[in-house]
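Asks: The following block contains the structure, expressed as structure tokens.
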Amino acid sequence: NEILHAYELGFKSDLAGGLVRFNGAFYYYDYKDYQAARWTGLGNLITNNDSTVKGAEFELITSPMDNLDIMLSAAFIDANVEDLDLVGDGSLLIDVKPTYSPETTLSAFARYTFNDIANGDLAVQISSSYQSSIFSNLSNFDSTEFDSWIVTNLRASWEGDEGNWSIDLFIDNVFDERYNVIGFDLATVCGCNEEAQGKPRWAGASVRYNF
């Protein structure tokens with residue numbers, strides 16, 4: 001049976017007379033008999049291994065001027081799965097990183113609202129996210145490592161003063177970043193990997209009327 005001892009410590013604070021909100025959390029997870037799933041062949045092989053996860057998360061929210069909202073966040077993880085039986089006969093035990101566990105993730109968001117634009121309010125915003133490299137398989141082979149990426153999105157939203165009409169325009173993944181989001185190690189089946197990418201640059205618009 002998997003046993004987890006979890007330790008967490010967090011804080012919430014208002015700074016600059018309430019103009020800035022800064023929150024944070026620290027945690028330490030100690031797993032006994034962690035269920036470690038490793039993709040091999042055409043299925044998952046699950047073993048019980050000890051594991052530790054240390055991390056910290058921070059969030060800053062502020063409105064430094066009228067109509068401007070800014071939010072910044074960051075997360076840091078140091079995770080480890082101990083003594084993974086790589087071959088299956090106990091001859092090669094290695095410590096590895098859990099799958100899809102980036103050491104660093106960052107995000108930034110900013111929105112500014114223009115009032116009295118065509119009898120409504122126009123909000124323009126930009127958001128950007130960063131993720132460090134990850135492994136898609138618990139084996140941590142170089143062939144299963146996904147590169148880090150940065151994705152930036154733009155959006156403009158107009159809403160009428162009476163709240164009936166709204167229009168949204170957006171461009172996601174503005175710089176057409178190519179990055180992988182999921183993968184399967186099929187080396188023992190076809191000598192290849194199967195990988196799926198995130199969405200490329202794409203744009204859209206919507207018009208809504210509330211009766």
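Residues are referred to by chain and number: the chain letter is A, B, ... according to the order shown in the structure tokens, the number counts from 1 in that chain, and ligands are numbered separately from 1 in the order shown.
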If you take only C-alpha atoms and a cut-off of 9 Å, which residues of stretch 1-120 of chain A touch stretch 135-147 of chain A, and what are their nearest atom pairs and distances in Å to one decimal, in chain and number order, as a Markdown table?

Replies:
| residue | atom | partner | partner_atom | distance |
| --- | --- | --- | --- | --- |
| A:Ala36 | CA | A:Leu138 | CA | 7.7 |
| A:Ala37 | CA | A:Leu138 | CA | 7.0 |
| A:Arg38 | CA | A:Leu138 | CA | 5.2 |
| A:Trp39 | CA | A:Asn137 | CA | 6.3 |
| A:Thr40 | CA | A:Asn137 | CA | 8.9 |
| A:Val81 | CA | A:Leu138 | CA | 8.8 |
| A:Leu84 | CA | A:Ser139 | CA | 8.1 |
| A:Leu86 | CA | A:Ser139 | CA | 6.8 |
| A:Ile94 | CA | A:Ser139 | CA | 8.9 |
| A:Val96 | CA | A:Asn140 | CA | 6.4 |
| A:Lys97 | CA | A:Leu138 | CA | 6.8 |
| A:Pro98 | CA | A:Leu138 | CA | 5.9 |
| A:Thr99 | CA | A:Phe135 | CA | 5.2 |
| A:Tyr100 | CA | A:Phe135 | CA | 5.8 |
| A:Ser101 | CA | A:Phe135 | CA | 7.4 |
| A:Pro102 | CA | A:Phe135 | CA | 8.4 |

Asks: Can those selected residues be exported to a file as a JSON list (two decimals), in the first residue's frame so that it contains C-alpha atoms?

Replies:
[["chain", "number", "residue", "atom", "x", "y", "z"],
["A", 36, "ALA", "CA", 5.63, 4.14, -10.09],
["A", 37, "ALA", "CA", 4.14, 3.57, -13.55],
["A", 38, "ARG", "CA", 6.52, 3.06, -16.46],
["A", 39, "TRP", "CA", 5.38, 2.64, -20.06],
["A", 40, "THR", "CA", 6.98, -0.42, -21.63],
["A", 81, "VAL", "CA", 11.70, 8.21, -7.45],
["A", 84, "LEU", "CA", 13.71, 2.07, -10.24],
["A", 86, "LEU", "CA", 15.29, -0.42, -15.09],
["A", 94, "ILE", "CA", 18.48, 4.04, -10.67],
["A", 96, "VAL", "CA", 14.67, 8.99, -11.71],
["A", 97, "LYS", "CA", 12.37, 11.99, -12.08],
["A", 98, "PRO", "CA", 8.59, 11.39, -12.14],
["A", 99, "THR", "CA", 6.91, 11.77, -15.51],
["A", 100, "TYR", "CA", 5.45, 15.13, -16.56],
["A", 101, "SER", "CA", 7.01, 16.86, -13.55],
["A", 102, "PRO", "CA", 8.72, 20.11, -14.63]]

Asks: Skipping near chain neighbours, those fewer than 6 positions away, what residues fall within 6 Å of stretch 49-64 of chain A using only C-alpha atoms, listed as an NGL selection string?

Replies: :A and (19-34 or 70-82)

Asks: What does the file look like for those residues with N, CA, C and O atoms, as a tab-separated table (two decimals), in the first residue's frame?

Replies:
chain	number	residue	atom	x	y	z
A	19	LEU	N	-2.44	47.01	-2.05
A	19	LEU	CA	-2.24	47.12	-3.49
A	19	LEU	C	-1.66	45.85	-4.09
A	19	LEU	O	-1.89	45.53	-5.26
A	20	VAL	N	-0.91	45.11	-3.28
A	20	VAL	CA	-0.24	43.90	-3.73
A	20	VAL	C	-0.63	42.74	-2.82
A	20	VAL	O	-0.61	42.87	-1.60
A	21	ARG	N	-0.99	41.63	-3.43
A	21	ARG	CA	-1.24	40.40	-2.68
A	21	ARG	C	-0.19	39.38	-3.07
A	21	ARG	O	0.00	39.09	-4.25
A	22	PHE	N	0.51	38.86	-2.05
A	22	PHE	CA	1.59	37.91	-2.28
A	22	PHE	C	1.34	36.66	-1.45
A	22	PHE	O	1.26	36.74	-0.21
A	23	ASN	N	1.19	35.53	-2.13
A	23	ASN	CA	0.91	34.26	-1.46
A	23	ASN	C	2.01	33.25	-1.79
A	23	ASN	O	2.62	33.31	-2.86
A	24	GLY	N	2.23	32.32	-0.89
A	24	GLY	CA	3.24	31.31	-1.14
A	24	GLY	C	2.96	30.04	-0.35
A	24	GLY	O	2.20	30.05	0.63
A	25	ALA	N	3.56	28.96	-0.79
A	25	ALA	CA	3.40	27.68	-0.10
A	25	ALA	C	4.65	26.84	-0.32
A	25	ALA	O	5.26	26.89	-1.40
A	26	PHE	N	5.01	26.09	0.70
A	26	PHE	CA	6.13	25.15	0.63
A	26	PHE	C	5.61	23.78	1.05
A	26	PHE	O	4.76	23.67	1.94
A	27	TYR	N	6.11	22.73	0.42
A	27	TYR	CA	5.63	21.40	0.78
A	27	TYR	C	6.74	20.36	0.63
A	27	TYR	O	7.69	20.54	-0.13
A	28	TYR	N	6.55	19.28	1.38
A	28	TYR	CA	7.46	18.14	1.32
A	28	TYR	C	6.62	16.87	1.43
A	28	TYR	O	5.88	16.69	2.41
A	29	TYR	N	6.70	16.02	0.41
A	29	TYR	CA	5.94	14.77	0.38
A	29	TYR	C	6.93	13.61	0.45
A	29	TYR	O	7.87	13.54	-0.35
A	30	ASP	N	6.67	12.71	1.37
A	30	ASP	CA	7.51	11.52	1.55
A	30	ASP	C	6.64	10.29	1.30
A	30	ASP	O	5.75	9.98	2.10
A	31	TYR	N	6.89	9.62	0.17
A	31	TYR	CA	6.10	8.45	-0.21
A	31	TYR	C	6.84	7.17	0.17
A	31	TYR	O	8.04	7.04	-0.06
A	32	LYS	N	6.08	6.23	0.71
A	32	LYS	CA	6.55	4.87	0.89
A	32	LYS	C	5.73	3.97	-0.02
A	32	LYS	O	4.50	4.04	-0.03
A	33	ASP	N	6.42	3.16	-0.82
A	33	ASP	CA	5.75	2.29	-1.80
A	33	ASP	C	4.92	3.09	-2.79
A	33	ASP	O	3.78	2.74	-3.12
A	34	TYR	N	5.50	4.19	-3.26
A	34	TYR	CA	4.89	5.00	-4.32
A	34	TYR	C	4.63	4.13	-5.55
A	34	TYR	O	5.48	3.33	-5.95
A	70	ILE	N	-2.43	42.71	-12.90
A	70	ILE	CA	-1.25	41.90	-13.20
A	70	ILE	C	-1.20	40.71	-12.24
A	70	ILE	O	-1.44	40.87	-11.04
A	71	MET	N	-0.88	39.55	-12.78
A	71	MET	CA	-0.72	38.36	-11.93
A	71	MET	C	0.51	37.59	-12.39
A	71	MET	O	0.68	37.31	-13.57
A	72	LEU	N	1.37	37.26	-11.45
A	72	LEU	CA	2.58	36.48	-11.70
A	72	LEU	C	2.57	35.26	-10.80
A	72	LEU	O	2.17	35.35	-9.63
A	73	SER	N	3.00	34.13	-11.32
A	73	SER	CA	3.06	32.92	-10.49
A	73	SER	C	4.28	32.10	-10.87
A	73	SER	O	4.78	32.18	-12.00
A	74	ALA	N	4.75	31.32	-9.91
A	74	ALA	CA	5.92	30.47	-10.13
A	74	ALA	C	5.79	29.23	-9.27
A	74	ALA	O	5.26	29.28	-8.15
A	75	ALA	N	6.28	28.12	-9.80
A	75	ALA	CA	6.28	26.86	-9.05
A	75	ALA	C	7.59	26.14	-9.30
A	75	ALA	O	8.08	26.11	-10.44
A	76	PHE	N	8.15	25.57	-8.24
A	76	PHE	CA	9.43	24.87	-8.33
A	76	PHE	C	9.28	23.50	-7.66
A	76	PHE	O	8.74	23.40	-6.55
A	77	ILE	N	9.74	22.46	-8.34
A	77	ILE	CA	9.59	21.09	-7.83
A	77	ILE	C	10.92	20.36	-7.95
A	77	ILE	O	11.60	20.43	-8.97
A	78	ASP	N	11.26	19.66	-6.89
A	78	ASP	CA	12.39	18.74	-6.89
A	78	ASP	C	11.85	17.38	-6.48
A	78	ASP	O	11.61	17.12	-5.30
A	79	ALA	N	11.61	16.51	-7.46
A	79	ALA	CA	10.98	15.22	-7.20
A	79	ALA	C	11.92	14.09	-7.59
A	79	ALA	O	12.71	14.21	-8.54
A	80	ASN	N	11.81	12.97	-6.88
A	80	ASN	CA	12.73	11.86	-7.09
A	80	ASN	C	12.03	10.54	-6.77
A	80	ASN	O	11.34	10.42	-5.76
A	81	VAL	N	12.18	9.57	-7.67
A	81	VAL	CA	11.70	8.21	-7.45
A	81	VAL	C	12.93	7.32	-7.29
A	81	VAL	O	13.80	7.31	-8.16
A	82	GLU	N	13.01	6.60	-6.18
A	82	GLU	CA	14.23	5.88	-5.83
A	82	GLU	C	14.23	4.43	-6.34
A	82	GLU	O	13.20	3.76	-6.37

Asks: So what do you get for atom CA of A:Asn173 versus atom CA of A:Ala156, distance-wise?

Replies: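 It comes out at 14.8 Å.
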
Asks: Using only C-alpha atoms for the distances, tell me which of A:Lys12, A:His5, A:Arg208, A:Arg201 is nearest to A:Asp168.

Replies: A:Arg208

Asks: I need the strand (DSSP E) residues of stretch 7-205 of chain A per DSSP on the backbone, written as a PyMOL selection string.

Replies: chain A and resi 7-15+20-40+43-65+68-85+93-96+104-114+120-131+134-135+145-146+149-160+165-172+180-186+192-197+202-205

Asks: Can you tell me how far atom CA of A:Glu162 sits from atom CA of A:Asn210, in Å to one decimal?

Replies: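 Atom-to-atom, atom CA of A:Glu162 and atom CA of A:Asn210 are spaced 10.0 Å apart.
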
Asks: What does the distance between atom CA of A:Arg178 and atom CA of A:Asn193 come to in Å, to one decimal place?

Replies: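 Those two atoms sit 16.9 Å apart.
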
Asks: May I have the residues within 7 Å of A:Val151 as a list of chain:residue names, using only C-alpha atoms and disregarding those fewer than 4 positions away in the same chain?

Replies: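 Surrounding residues, per the criterion: A:Ser128, A:Ser129, A:Tyr130, A:Asn173, A:Glu177.
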